[in-house]
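Engineer: Sharing structure_0.txt below, compact mmCIF, C-alpha atoms:
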```
# COMPACT_ATOMS: atom_id res chain seq x y z
CA MET A 170 42.65 131.47 157.98
CA LYS A 171 42.10 131.85 161.69
CA ILE A 172 43.83 130.16 164.59
CA VAL A 173 42.68 130.54 168.19
CA THR A 174 44.90 129.87 171.20
CA ILE A 175 43.04 128.96 174.37
CA CYS A 176 43.91 129.09 178.05
CA GLY A 177 42.06 129.62 181.31
CA ALA A 178 42.43 133.38 181.48
CA GLY A 179 42.95 134.39 177.85
CA ILE A 180 46.27 136.00 178.76
CA GLY A 181 49.61 134.51 179.66
CA THR A 182 49.77 130.98 178.35
CA SER A 183 47.49 131.64 175.39
CA GLY A 184 49.54 134.78 174.70
CA ILE A 185 52.78 132.78 174.62
CA LEU A 186 51.13 130.29 172.30
CA LYS A 187 49.92 133.10 170.02
CA VAL A 188 53.37 134.67 169.75
CA ASN A 189 55.06 131.35 169.04
CA ALA A 190 52.36 130.17 166.64
CA GLU A 191 52.84 133.37 164.63
CA ARG A 192 56.57 132.69 164.51
CA ALA A 193 56.00 129.07 163.43
CA LEU A 194 53.60 130.20 160.67
CA GLN A 195 56.15 132.66 159.42
CA ARG A 196 58.76 129.91 159.25
CA LEU A 197 56.31 127.73 157.34
CA GLY A 198 55.49 130.59 154.98
CA LEU A 199 51.82 130.48 155.97
CA SER A 200 49.66 133.40 156.93
CA ALA A 201 46.81 133.32 159.41
CA SER A 202 45.34 135.54 162.05
CA VAL A 203 46.06 134.20 165.51
CA VAL A 204 43.80 135.21 168.39
CA ALA A 205 44.29 134.45 172.10
CA ALA A 206 41.13 133.79 174.10
CA ASP A 207 39.94 132.27 177.35
CA ILE A 208 38.11 128.97 177.59
CA GLY A 209 34.83 130.72 178.44
CA SER A 210 34.73 132.49 175.08
CA VAL A 211 36.08 129.69 172.88
CA GLN A 212 32.78 128.83 171.20
CA ARG A 213 32.25 132.45 170.13
CA VAL A 214 35.84 133.34 169.24
CA ALA A 215 36.60 130.05 167.48
CA ALA A 216 33.30 129.78 165.58
CA ASP A 217 35.08 130.67 162.32
CA ALA A 218 38.51 129.23 163.19
CA GLN A 219 40.28 126.41 161.34
CA VAL A 220 42.57 125.51 164.21
CA ILE A 221 42.48 125.72 168.01
CA LEU A 222 45.81 125.45 169.83
CA THR A 223 45.68 124.59 173.51
CA SER A 224 46.78 122.31 176.35
CA GLU A 225 45.42 118.86 177.00
CA GLU A 226 43.52 120.20 180.02
CA PHE A 227 41.13 122.23 177.84
CA VAL A 228 40.26 119.73 175.12
CA GLU A 229 37.14 118.44 176.83
CA ALA A 230 35.95 121.91 177.87
CA ILE A 231 36.25 123.20 174.29
CA GLY A 232 33.47 120.79 173.30
CA ALA A 233 32.11 120.31 169.81
CA THR A 234 33.87 122.41 167.19
CA ARG A 235 34.58 122.32 163.46
CA ALA A 236 38.14 123.46 164.09
CA ASP A 237 41.06 121.05 164.43
CA VAL A 238 42.00 121.01 168.10
CA ILE A 239 45.77 120.68 168.45
CA VAL A 240 47.38 119.98 171.81
CA ILE A 241 50.77 121.58 172.40
CA GLU A 242 53.05 120.08 175.04
CA ASN A 243 55.99 122.49 175.07
CA TYR A 244 54.89 126.03 174.27
CA PHE A 245 58.46 127.12 173.59
CA ASP A 246 59.32 124.33 171.18
CA GLY A 247 59.11 125.97 167.78
CA GLU A 248 59.62 122.65 166.02
CA GLU A 249 56.70 120.98 167.79
CA LEU A 250 54.47 123.93 166.91
CA ALA A 251 55.58 124.09 163.29
CA GLU A 252 55.23 120.34 162.80
CA LYS A 253 51.72 120.20 164.28
CA LEU A 254 50.57 123.32 162.43
CA GLU A 255 51.93 122.03 159.14
CA ARG A 256 50.13 118.73 159.61
CA ALA A 257 46.83 120.49 160.34
CA LEU A 258 47.08 123.12 157.62
CA GLY A 259 49.08 121.34 154.94
CA MET B 266 54.04 147.01 177.48
CA SER B 267 57.59 145.83 177.30
CA LEU B 268 59.08 143.71 179.99
CA PRO B 269 59.70 146.04 182.93
CA ALA B 270 63.05 145.76 184.68
CA LEU B 271 62.40 143.22 187.40
CA ALA B 272 62.56 144.67 190.89
CA ASP B 273 64.71 142.85 193.42
CA ARG B 274 61.58 141.89 195.34
CA ALA B 275 60.11 140.28 192.24
CA ILE B 276 62.98 137.78 192.04
CA VAL B 277 63.14 135.02 194.63
CA LEU B 278 65.84 132.42 194.11
CA GLY B 279 66.40 128.96 195.54
CA VAL B 280 63.41 128.79 197.88
CA HIS B 281 61.60 125.72 199.17
CA ALA B 282 58.00 125.00 198.20
CA ARG B 283 55.99 122.21 199.83
CA ASP B 284 53.84 121.62 196.76
CA TRP B 285 52.57 123.33 193.60
CA ARG B 286 50.16 125.48 195.56
CA ASP B 287 52.99 126.77 197.69
CA ALA B 288 55.11 127.38 194.58
CA VAL B 289 52.36 129.46 192.92
CA ARG B 290 51.82 131.31 196.18
CA LEU B 291 55.52 132.24 196.31
CA ALA B 292 55.26 133.71 192.81
CA GLY B 293 52.13 135.58 193.94
CA ASP B 294 53.87 136.87 197.07
CA ALA B 295 56.68 138.25 194.91
CA LEU B 296 54.12 140.09 192.75
CA VAL B 297 52.52 141.51 195.91
CA ASP B 298 55.91 142.46 197.40
CA SER B 299 56.91 144.29 194.24
CA GLY B 300 53.70 146.31 194.26
CA CYS B 301 52.01 144.69 191.25
CA THR B 302 49.08 142.85 192.79
CA THR B 303 46.98 142.29 195.87
CA THR B 304 46.90 138.95 197.68
CA GLU B 305 43.55 138.20 196.00
CA TYR B 306 45.44 137.84 192.72
CA THR B 307 47.60 135.13 194.27
CA GLU B 308 44.48 133.21 195.27
CA ALA B 309 43.07 133.70 191.76
CA MET B 310 46.25 132.22 190.24
CA ILE B 311 45.90 129.13 192.45
CA ARG B 312 42.20 128.89 191.55
CA MET B 313 43.08 128.80 187.83
CA VAL B 314 44.92 125.53 188.41
CA ASP B 315 42.23 124.17 190.72
CA ASP B 316 39.64 124.93 188.03
CA HIS B 317 41.50 123.96 184.87
CA GLY B 318 44.37 121.70 185.87
CA PRO B 319 48.14 122.10 185.55
CA TYR B 320 48.06 123.69 182.09
CA ILE B 321 50.24 126.56 183.33
CA VAL B 322 53.22 124.18 183.14
CA ILE B 323 53.88 125.20 179.56
CA ALA B 324 57.37 123.78 179.09
CA PRO B 325 59.58 121.27 180.89
CA GLY B 326 60.35 122.68 184.33
CA LEU B 327 58.45 125.96 183.87
CA ALA B 328 55.08 127.15 185.19
CA LEU B 329 53.58 130.46 184.05
CA ALA B 330 51.24 131.38 186.90
CA HIS B 331 48.61 133.97 186.03
CA ALA B 332 44.97 134.90 186.43
CA ARG B 333 42.58 137.24 184.71
CA PRO B 334 43.24 140.96 184.50
CA GLY B 335 41.18 142.91 186.99
CA ALA B 336 41.09 144.99 190.14
CA ASP B 337 43.55 142.63 191.86
CA VAL B 338 46.26 143.93 189.53
CA ARG B 339 47.69 147.33 190.45
CA ARG B 340 50.16 147.40 187.61
CA ASP B 341 51.58 145.06 184.97
CA GLY B 342 54.47 142.96 186.10
CA LEU B 343 56.33 139.71 186.38
CA SER B 344 57.87 137.75 189.18
CA VAL B 345 60.37 134.91 189.11
CA VAL B 346 60.69 132.16 191.68
CA THR B 347 63.23 129.35 191.46
CA LEU B 348 62.81 126.32 193.66
CA ALA B 349 65.57 124.64 195.64
CA ALA B 350 63.81 121.34 194.97
CA PRO B 351 61.43 120.94 192.03
CA VAL B 352 57.74 120.22 192.70
CA GLU B 353 55.14 118.20 190.80
CA PHE B 354 52.15 120.02 189.33
CA GLY B 355 50.60 116.84 187.95
CA HIS B 356 51.38 117.75 184.33
CA ALA B 357 51.58 114.87 181.87
CA HIS B 358 54.79 116.01 180.17
CA ASN B 359 56.48 118.96 181.78
CA ASP B 360 56.86 118.03 185.47
CA PRO B 361 58.68 118.62 187.75
CA VAL B 362 58.74 122.41 187.94
CA SER B 363 61.76 124.38 189.13
CA VAL B 364 60.89 127.84 187.79
CA VAL B 365 57.62 129.67 188.38
CA ILE B 366 56.96 132.92 186.54
CA GLY B 367 54.14 135.06 187.93
CA LEU B 368 52.43 137.26 185.34
CA ALA B 369 50.09 140.10 186.21
CA SER B 370 48.35 142.24 183.64
CA ALA B 371 45.97 145.09 184.39
CA ALA B 372 44.23 144.88 181.02
CA ALA B 373 43.68 142.00 178.64
CA ASP B 374 45.56 143.59 175.77
CA ALA B 375 48.41 145.16 177.72
CA HIS B 376 50.50 142.09 178.31
CA LEU B 377 51.51 140.99 174.85
CA GLY B 378 54.80 142.87 174.78
CA ALA B 379 55.86 141.20 178.01
CA VAL B 380 54.63 137.86 176.74
CA ALA B 381 56.59 138.25 173.51
CA GLN B 382 59.69 139.00 175.52
CA LEU B 383 59.14 135.93 177.68
CA ALA B 384 58.81 133.92 174.47
CA ASN B 385 62.09 135.39 173.23
CA ALA B 386 63.87 134.42 176.42
CA PHE B 387 62.46 130.90 176.72
CA ASN B 388 62.57 129.92 173.06
CA ASP B 389 66.21 129.27 173.91
CA PRO B 390 65.98 125.75 175.35
CA ALA B 391 68.92 126.47 177.66
CA ALA B 392 67.09 129.34 179.38
CA ILE B 393 64.88 127.36 181.79
CA PRO B 394 67.66 125.18 183.25
CA ALA B 395 69.94 128.24 183.38
CA LEU B 396 67.31 130.25 185.25
CA ALA B 397 66.64 127.33 187.62
CA LYS B 398 70.32 127.41 188.55
CA ALA B 399 70.77 131.20 188.67
CA THR B 400 72.42 132.30 191.88
CA SER B 401 72.04 136.07 191.55
CA ARG B 402 69.20 138.39 190.61
CA ASP B 403 71.32 139.97 187.89
CA GLU B 404 71.88 136.57 186.35
CA ALA B 405 68.13 135.90 186.42
CA ARG B 406 67.41 139.30 184.85
CA ARG B 407 69.94 138.65 182.12
CA ILE B 408 68.35 135.31 181.21
CA LEU B 409 64.87 136.83 181.13
CA GLU B 410 66.02 139.64 178.93
CA GLY B 411 67.14 136.97 176.49
CA GLY B 412 70.65 138.34 176.25
CA PRO B 413 73.68 136.16 175.67
CA SER B 414 75.35 134.77 178.76
CA PRO B 415 78.48 136.73 179.57
CA VAL B 416 81.66 134.90 178.71
CA SER B 417 83.62 134.04 181.79
CA ALA B 418 86.58 136.35 182.23
CA ALA B 419 88.62 133.60 183.81
```
Write the structure described by the file as structure tokens, please.

Structural biologist:
Amino acid sequence: MKIVTICGAGIGTSGILKVNAERALQRLGLSASVVAADIGSVQRVAADAQVILTSEEFVEAIGATRADVIVIENYFDGEELAEKLERALG
Amino acid sequence: MSLPALADRAIVLGVHARDWRDAVRLAGDALVDSGCTTTEYTEAMIRMVDDHGPYIVIAPGLALAHARPGADVRRDGLSVVTLAAPVEFGHAHNDPVSVVIGLASAAADAHLGAVAQLANAFNDPAAIPALAKATSRDEARRILEGGPSPVSAA
């Protein structure tokens, strides 16, 4: 299973999301590879991903994808992340 | 990289910002003043928001200002700016912002240690309001290092 976190630069916010998504997965007892990427490379990096985690601002720019696009509001809220990941993957 | 000890010049507390642009610029100035970036990086951080919207407001009250790694970054680093009065970034959920973290990374893969440490610090929901109210640089450093608040001796 592959999860891609997306932000404008591919560092920083997507990095935070990657770290906290990995922690949420661990809590849920799920394993997946989590990759941080920038919006410009989303189509390539997320071509084989099941889930894309991002902010509302990027949903439109991500465009057509087979992955579930999940919008995260508070990147530091482990419960929000776990709940949304569980719903998408469960 | 692990989170480097924040230089005094990278921590700016209780300043006034006219708007979000000014707030991001203050975080950029602190990165420049502490020797991490050139002023072009500051402009690139502002451009990220102009181009993509206020997505850098990743939690209530907190903006993580950053741009792409590149020649504008002289070395990896962070800056912290707290605002005397919070400003609106136009974010749907997390406005207004009282703490702006500036993040500079020289290479795309070099920042994850610092990012993990930021996650450690801010996964404590009390950290953002505590940092917003910090009155000394040591207090701000302590919060960012994710350590427990010292018990008052009084």

Engineer: Residues at most 12 Å from Asp287 (chain B), counting all atoms listed in the file, excluding those fewer than 2 positions away in the same chain, as a tab-separated table (two decimals) with C-alpha atoms, in the frame of the given file?

Structural biologist:
```
chain	number	residue	atom	x	y	z
B	280	VAL	CA	63.41	128.79	197.88
B	281	HIS	CA	61.60	125.72	199.17
B	282	ALA	CA	58.00	125.00	198.20
B	283	ARG	CA	55.99	122.21	199.83
B	284	ASP	CA	53.84	121.62	196.76
B	285	TRP	CA	52.57	123.33	193.60
B	289	VAL	CA	52.36	129.46	192.92
B	290	ARG	CA	51.82	131.31	196.18
B	291	LEU	CA	55.52	132.24	196.31
B	292	ALA	CA	55.26	133.71	192.81
B	293	GLY	CA	52.13	135.58	193.94
B	294	ASP	CA	53.87	136.87	197.07
B	307	THR	CA	47.60	135.13	194.27
B	308	GLU	CA	44.48	133.21	195.27
B	310	MET	CA	46.25	132.22	190.24
B	311	ILE	CA	45.90	129.13	192.45
B	330	ALA	CA	51.24	131.38	186.90
B	346	VAL	CA	60.69	132.16	191.68
B	348	LEU	CA	62.81	126.32	193.66
B	351	PRO	CA	61.43	120.94	192.03
B	352	VAL	CA	57.74	120.22	192.70
B	353	GLU	CA	55.14	118.20	190.80
B	354	PHE	CA	52.15	120.02	189.33
B	365	VAL	CA	57.62	129.67	188.38
```

Engineer: Pick from A:Ala236, A:Val220, A:Gly198, A:Tyr244: nearest to Gly181 (chain A), with all atoms listed in the file counted?

Structural biologist: A:Tyr244

Engineer: Please return, as JSON, numbers by chain, all residues of chain A lying within 6 Å of chain B when all atoms listed in the file are considered.

Structural biologist: {"A": [178, 185, 243, 244, 245]}

Engineer: Of the candidates B:Thr303, B:Ala350, B:Leu278, B:Ala309, which one gets nearest to Val338 (chain B) if we count all atoms listed in the file?

Structural biologist: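 For Val338 (chain B), the nearest of the candidates is B:Thr303.
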
Engineer: Counting only C-alpha atoms, figure out which residue out of A:Lys187, A:Gly247, A:Ile208, A:Leu258 gets nearest to Thr174 (chain A).

Structural biologist: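 Result for the nearest residue to Thr174 (chain A): A:Lys187.
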
Engineer: At a cut-off of 7 Å around the point (47.9, 129.1, 167.6) (file coordinates), what residues fall inside when counting only C-alpha atoms? I'd like the answer as a list in words.

Structural biologist: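 Output: Ile172, Val173, Thr174, Leu186, Lys187, Ala190, Val203, Ile221 and Leu222 of chain A.
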
Engineer: Output C-alpha atoms for every residue in that selection, as a PDB file, keeping the file's coordinate frame.

Structural biologist:
```pdb
ATOM      1  CA  ILE A 172      43.830 130.160 164.590  1.00  0.00           C
ATOM      2  CA  VAL A 173      42.680 130.540 168.190  1.00  0.00           C
ATOM      3  CA  THR A 174      44.900 129.870 171.200  1.00  0.00           C
ATOM      4  CA  LEU A 186      51.130 130.290 172.300  1.00  0.00           C
ATOM      5  CA  LYS A 187      49.920 133.100 170.020  1.00  0.00           C
ATOM      6  CA  ALA A 190      52.360 130.170 166.640  1.00  0.00           C
ATOM      7  CA  VAL A 203      46.060 134.200 165.510  1.00  0.00           C
ATOM      8  CA  ILE A 221      42.480 125.720 168.010  1.00  0.00           C
ATOM      9  CA  LEU A 222      45.810 125.450 169.830  1.00  0.00           C
TER      10      LEU A 222
END
```

Engineer: State, in Å with one decimal place, the distance from CA of Gly279 (chain B) to CA of Ser299 (chain B).

Structural biologist: 18.1 Å

Engineer: Between A:Ala230, A:Leu194, A:Leu199, A:Ala206, which is the closest to Gly179 (chain A) once you count all atoms listed in the file?

Structural biologist: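 The closest residue to Gly179 (chain A) is A:Ala206.
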